[in-house]
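Engineer: This is the structure I want to talk about, given as structure tokens.
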Amino acid sequence: YADLLVWIDAAVSGDQLVLAGDVFDFLVGRSHLFDRYSDFLDRLRQANDRGVRLHYIEGNHDVHLRRAFARRVPQLQLHSEHVSFCVGERQLYVAHGDLANPRDRGYRLWRSWVRSWPARVFFSTLPGPWLERLGEKLSELSRRQRGYQVIPEHGFAKIRPIYRSYAAEKAQRGFDYVVLGHCHDLDEIGFQIGTRTARYMNVGFPKSHRSFVACDETGIRRLPFPR
């Protein structure tokens, strides 16, 4: 959390700062949850005042945030799946990454329900302690299913080709840089698309890897969190 705050503080006018989902273990747009992170919200407002453009892509641990952000950081742009924009003459695509596997129909069905209006009503009416307990259970379930708890050579051997294939598809569609998260695999690879090159990077697990992905006119690279 401290690294995250320093990272936001390091953004300067003209930067576009993208938070690519699952920034918190569990977060829905309830005031008592959002108010715990007043430092985070203050830093975002200060960054906006410095001329930083703010983006937040909802992940599978943080949903229904639109109203809460609209009240607290109205300039922040919230995205349900991805964001893309030009960096110099090249195209950047950033997504949380939970839709990388088209065959995971069970997850996609669950994702659709969690983001539906009945789920939003459910989350908004559930008593606070119950909501927090539910969040703990959902996060625990997600961690048990995550590849990073497996020996990397085994777990990521199944995950990595799926994410690389998804990134290659985006590269075929004209994106020069593709950045994903979700699977916590600190992976990167380049693609040759005809006469042009493209590159994919996964942010990995910033809490452990202590790094982020930066992109500018000179290219895309991984950097350590500022101290």
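Please note that chains go A, B, ... in the order of the structure tokens, that every chain numbers its residues from 1, and that ligands are numbered from 1 in the order shown.
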Give me, as a VMD selection string, the residues of stretch 17-217 of chain A that a backbone DSSP run labels helix (DSSP H, G or I).
Structural biologist: chain A and resid 31 to 49 66 to 72 105 to 114 117 to 125 128 to 145 147 to 149 152 to 172 206 to 209
Engineer: Need the shell around A:Tyr163: protein/DNA/RNA residues with any atom at most 8 Å away, counting only C-alpha atoms. Skip same-chain ones fewer than 4 positions apart. Format as an MDAnalysis selection string?
Structural biologist: chainID A and resid 97 100:101 159 167
Engineer: For the residues in the current selection, export all heavy atoms as an mmCIF file, in the first residue's frame.
Structural biologist:
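Wrote it out as part16.cif, contents follow:
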data_model
loop_
_atom_site.group_PDB
_atom_site.id
_atom_site.type_symbol
_atom_site.label_atom_id
_atom_site.label_comp_id
_atom_site.auth_asym_id
_atom_site.auth_seq_id
_atom_site.Cartn_x
_atom_site.Cartn_y
_atom_site.Cartn_z
ATOM 1 N N GLY A 97 -7.163 -8.638 -17.602
ATOM 2 C CA GLY A 97 -6.662 -9.936 -18.058
ATOM 3 C C GLY A 97 -7.534 -11.121 -17.691
ATOM 4 O O GLY A 97 -7.244 -12.249 -18.087
ATOM 5 N N ALA A 100 -8.864 -13.350 -20.624
ATOM 6 C CA ALA A 100 -7.890 -13.881 -21.574
ATOM 7 C C ALA A 100 -8.224 -15.297 -22.018
ATOM 8 O O ALA A 100 -7.856 -15.694 -23.129
ATOM 9 C CB ALA A 100 -6.491 -13.840 -20.962
ATOM 10 N N ASN A 101 -8.888 -16.051 -21.171
ATOM 11 C CA ASN A 101 -9.199 -17.450 -21.488
ATOM 12 C C ASN A 101 -10.641 -17.574 -21.970
ATOM 13 O O ASN A 101 -11.566 -17.610 -21.163
ATOM 14 C CB ASN A 101 -8.976 -18.338 -20.270
ATOM 15 C CG ASN A 101 -9.112 -19.812 -20.599
ATOM 16 O OD1 ASN A 101 -9.431 -20.186 -21.730
ATOM 17 N ND2 ASN A 101 -8.881 -20.668 -19.611
ATOM 18 N N ILE A 159 -0.914 -21.471 -17.822
ATOM 19 C CA ILE A 159 -1.485 -20.131 -17.928
ATOM 20 C C ILE A 159 -0.806 -19.307 -19.020
ATOM 21 O O ILE A 159 -1.457 -18.615 -19.801
ATOM 22 C CB ILE A 159 -1.367 -19.404 -16.578
ATOM 23 C CG1 ILE A 159 -2.221 -20.111 -15.527
ATOM 24 C CG2 ILE A 159 -1.767 -17.937 -16.700
ATOM 25 C CD1 ILE A 159 -1.980 -19.604 -14.129
ATOM 26 N N ALA A 167 -2.637 -11.867 -26.058
ATOM 27 C CA ALA A 167 -1.842 -10.683 -26.408
ATOM 28 C C ALA A 167 -1.505 -10.674 -27.894
ATOM 29 O O ALA A 167 -1.533 -9.618 -28.546
ATOM 30 C CB ALA A 167 -0.564 -10.654 -25.573
#
Engineer: I need the residue nearest A:Ile57 from this list: A:Val73, A:Leu180, A:Val87, A:Ile8. Use only C-alpha atoms for the distance.
Structural biologist: A:Leu180
Engineer: Need the shell around A:Asp185: protein/DNA/RNA residues with any atom at most 7 Å away, counting only C-alpha atoms. Skip same-chain ones fewer than 4 positions apart. Format as a PDB file with N, CA, C and O atoms, in the first residue's frame?
Structural biologist:
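part.pdb written:
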ATOM      1  N   PHE A 156       2.343 -21.876 -14.219  1.00  0.00           N
ATOM      2  CA  PHE A 156       2.397 -20.926 -15.314  1.00  0.00           C
ATOM      3  C   PHE A 156       2.555 -21.606 -16.666  1.00  0.00           C
ATOM      4  O   PHE A 156       2.298 -20.997 -17.699  1.00  0.00           O
ATOM      5  N   ASN A 202       3.140  -8.729 -18.684  1.00  0.00           N
ATOM      6  CA  ASN A 202       2.205  -8.908 -17.584  1.00  0.00           C
ATOM      7  C   ASN A 202       2.785  -8.233 -16.347  1.00  0.00           C
ATOM      8  O   ASN A 202       3.991  -8.345 -16.095  1.00  0.00           O
ATOM      9  N   GLY A 204       2.502  -9.023 -13.432  1.00  0.00           N
ATOM     10  CA  GLY A 204       2.877  -9.965 -12.385  1.00  0.00           C
ATOM     11  C   GLY A 204       2.088  -9.728 -11.112  1.00  0.00           C
ATOM     12  O   GLY A 204       0.887  -9.469 -11.147  1.00  0.00           O
TER      13      GLY A 204
END
Engineer: Which residue, A:Asp176, A:Asp104, A:Glu136, A:Glu169, has the smallest gap to A:Phe24 when you use only C-alpha atoms?
Structural biologist: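 Of A:Asp176, A:Asp104, A:Glu136, A:Glu169, the one nearest A:Phe24, counting only C-alpha atoms, is A:Glu136.
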Engineer: I'd like to know which residues of stretch 32-74 of chain A are strand (DSSP E or B) (by DSSP, run on the backbone); could you write them as a VMD selection string?
Structural biologist: chain A and resid 53 to 57 62 to 63
Engineer: Work out how far apart atom CA of A:Val6 and atom CA of A:Asp49 are and give it in Å to one decimal.
Structural biologist: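 Calculated distance between atom CA of A:Val6 and atom CA of A:Asp49 is 16.1 Å.
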Engineer: Could you give me, as a PyMOL selection string, the residues within 9 Å of A:His55, counting only C-alpha atoms and dropping anything in the same chain fewer than 5 positions from it?
Structural biologist: chain A and resi 16-20+76-79+83
Engineer: Do a neighbour search on A:Pro74 at 10 Å with only C-alpha atoms, toss out local chain neighbours closer than 6 positions, and write the hits as a list in words.
Structural biologist: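 Near neighbours after the sequence-gap exclusion: Arg45, Asn48, Arg66, Arg67 and Ala68 of chain A.
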Engineer: Go ahead and save the picked residues with C-alpha atoms, as an mmCIF file, in the first residue's frame.
Structural biologist:
data_model
loop_
_atom_site.group_PDB
_atom_site.id
_atom_site.type_symbol
_atom_site.label_atom_id
_atom_site.label_comp_id
_atom_site.auth_asym_id
_atom_site.auth_seq_id
_atom_site.Cartn_x
_atom_site.Cartn_y
_atom_site.Cartn_z
ATOM 1 C CA ARG A 45 -7.041 13.752 -6.266
ATOM 2 C CA ASN A 48 -5.313 14.855 -10.910
ATOM 3 C CA ARG A 66 -18.408 3.873 -10.513
ATOM 4 C CA ARG A 67 -20.613 5.783 -8.070
ATOM 5 C CA ALA A 68 -18.048 5.722 -5.287
#
Engineer: So how far away is atom CA of A:Phe34 from atom CA of A:Val52, in Å?
Structural biologist: 21.4 Å
Engineer: Might you pull out every residue within 7 Å of A:Gly51, with only C-alpha atoms counted and same-chain residues fewer than 4 positions away left off, and present them as a list of chain:residue names?
Structural biologist: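 In the requested format, the answer is A:Val12, A:Ser13, A:Gly14, A:Ala47.
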Engineer: Produce a file of the selected residues containing N, CA and C atoms, as a PDB file, in the first residue's frame.
Structural biologist:
ATOM      1  N   VAL A  12       3.568  12.681 -12.897  1.00  0.00           N
ATOM      2  CA  VAL A  12       3.681  14.118 -13.162  1.00  0.00           C
ATOM      3  C   VAL A  12       2.711  14.521 -14.269  1.00  0.00           C
ATOM      4  N   SER A  13       2.566  15.808 -14.447  1.00  0.00           N
ATOM      5  CA  SER A  13       1.644  16.342 -15.444  1.00  0.00           C
ATOM      6  C   SER A  13       1.905  15.737 -16.818  1.00  0.00           C
ATOM      7  N   GLY A  14       0.844  15.290 -17.464  1.00  0.00           N
ATOM      8  CA  GLY A  14       0.964  14.659 -18.768  1.00  0.00           C
ATOM      9  C   GLY A  14       0.981  13.149 -18.712  1.00  0.00           C
ATOM     10  N   ALA A  47      -2.904  13.878  -7.620  1.00  0.00           N
ATOM     11  CA  ALA A  47      -2.328  13.581  -8.937  1.00  0.00           C
ATOM     12  C   ALA A  47      -3.142  14.248 -10.035  1.00  0.00           C
TER      13      ALA A  47
END
Engineer: My list of candidates is A:Leu138, A:Trp7, A:Gly88, A:Asp98. Which is closest to A:Leu223 when distances are computed with only C-alpha atoms?
Structural biologist: A:Trp7
Engineer: Fewer than 2 positions away in the same chain doesn't count, so skip those; otherwise give me all residues within 12 Å of A:Arg111, counting only C-alpha atoms, as a count of residues only.
Structural biologist: 21
